[in-house]
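I have placed the structure first, in the form of structure tokens, so that the comments after it can refer back to it.
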Amino acid sequence: MIGLKRTIKLCDHEKEWEREALVKSFLGKTVDIRIDRPMGSRHPRHLEMIYPINYGFIPNVYSGDDAKLDVYLPGVDVPVREYTASGIGIIYREDDVEDKLVAAPNGIRFSKEEIQTAVNFQEQFFKYTIEVL
């Protein structure tokens, strides 16, 4: 199991660095994603939110919220349940405890603006910055 260890010895700055290092370790790497919210599905708690892109996680990798590391998957125009893709970007949430990986089909890249447009349906509620390869 890969992920953050919650310890009282780490100060907030060290936790932030570990969180960033974890998600950054997937940039440019091939990742196996399990999609739990395929495009067209509804958010489990906010039923008015419909996912315009596939959204899932990397199994056995845990993020800052002690849940699996979330992944947006733009560039796949049909609902999928699993997908192998390349990590192409990161969404750093400044007002939340977790960041998000952005992955795409191998060989495809998106600009910051294209990613922002694709993820705005959910990220509009947070203050964030985007890093791309």
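Every chain in the structure tokens has a letter given in the order shown (A, B, ...), and although residue numbers restart at 1 in each chain, ligands are simply numbered from 1 in the order shown.
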Write out as a PyMOL selection string which residues come within 7 Å of Ile58 of chain A when counting only C-alpha atoms, dropping same-chain ones fewer than 3 positions away. chain A and resi 32-34+61+68-70
Based on DSSP run over this structure's backbone, return all residues of chain A in strand (DSSP E), as a VMD selection string. chain A and resid 2 to 3 30 to 37 54 to 62 68 to 73 82 to 93 100 to 104 128 to 132
Enumerate as a ChimeraX atom specification all residues of chain A assigned to alpha helix (DSSP H) by DSSP on the backbone, naming them with the chain letters and numbers the document uses. /A:12-24,112-123
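Among the candidate residues A:Phe121, A:Ile91, A:Tyr72, A:Pro105, the one lying nearest to His46 of chain A is A:Phe121, with distances computed using only C-alpha atoms.
Shortest separation to Arg42 of chain A among A:Thr129, A:Ala85, A:Gln122, A:Gly75 occurs at residue A:Gln122, atoms counted being only C-alpha atoms.
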For atom CA of Ile90 of chain A and atom CA of Glu114 of chain A, quote the distance in Å rounded to one decimal.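 Separating atom CA of Ile90 of chain A from atom CA of Glu114 of chain A is a distance of 13.0 Å.
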Give me the residues within 10 Å of Ala67 of chain A as a list in words, counting only C-alpha atoms and dropping any in the same chain fewer than 4 places off.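 Counting only the stated atoms, we get Gly3, Phe57, Pro59, Asn60, Val61, Tyr62, Ser63 and Glu98 of chain A.
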Near Ala118 of chain A, counting only C-alpha atoms, which residues have an atom at most 8 Å away, once you skip same-chain residues fewer than 4 positions from it, shown as a count of residues only? 4
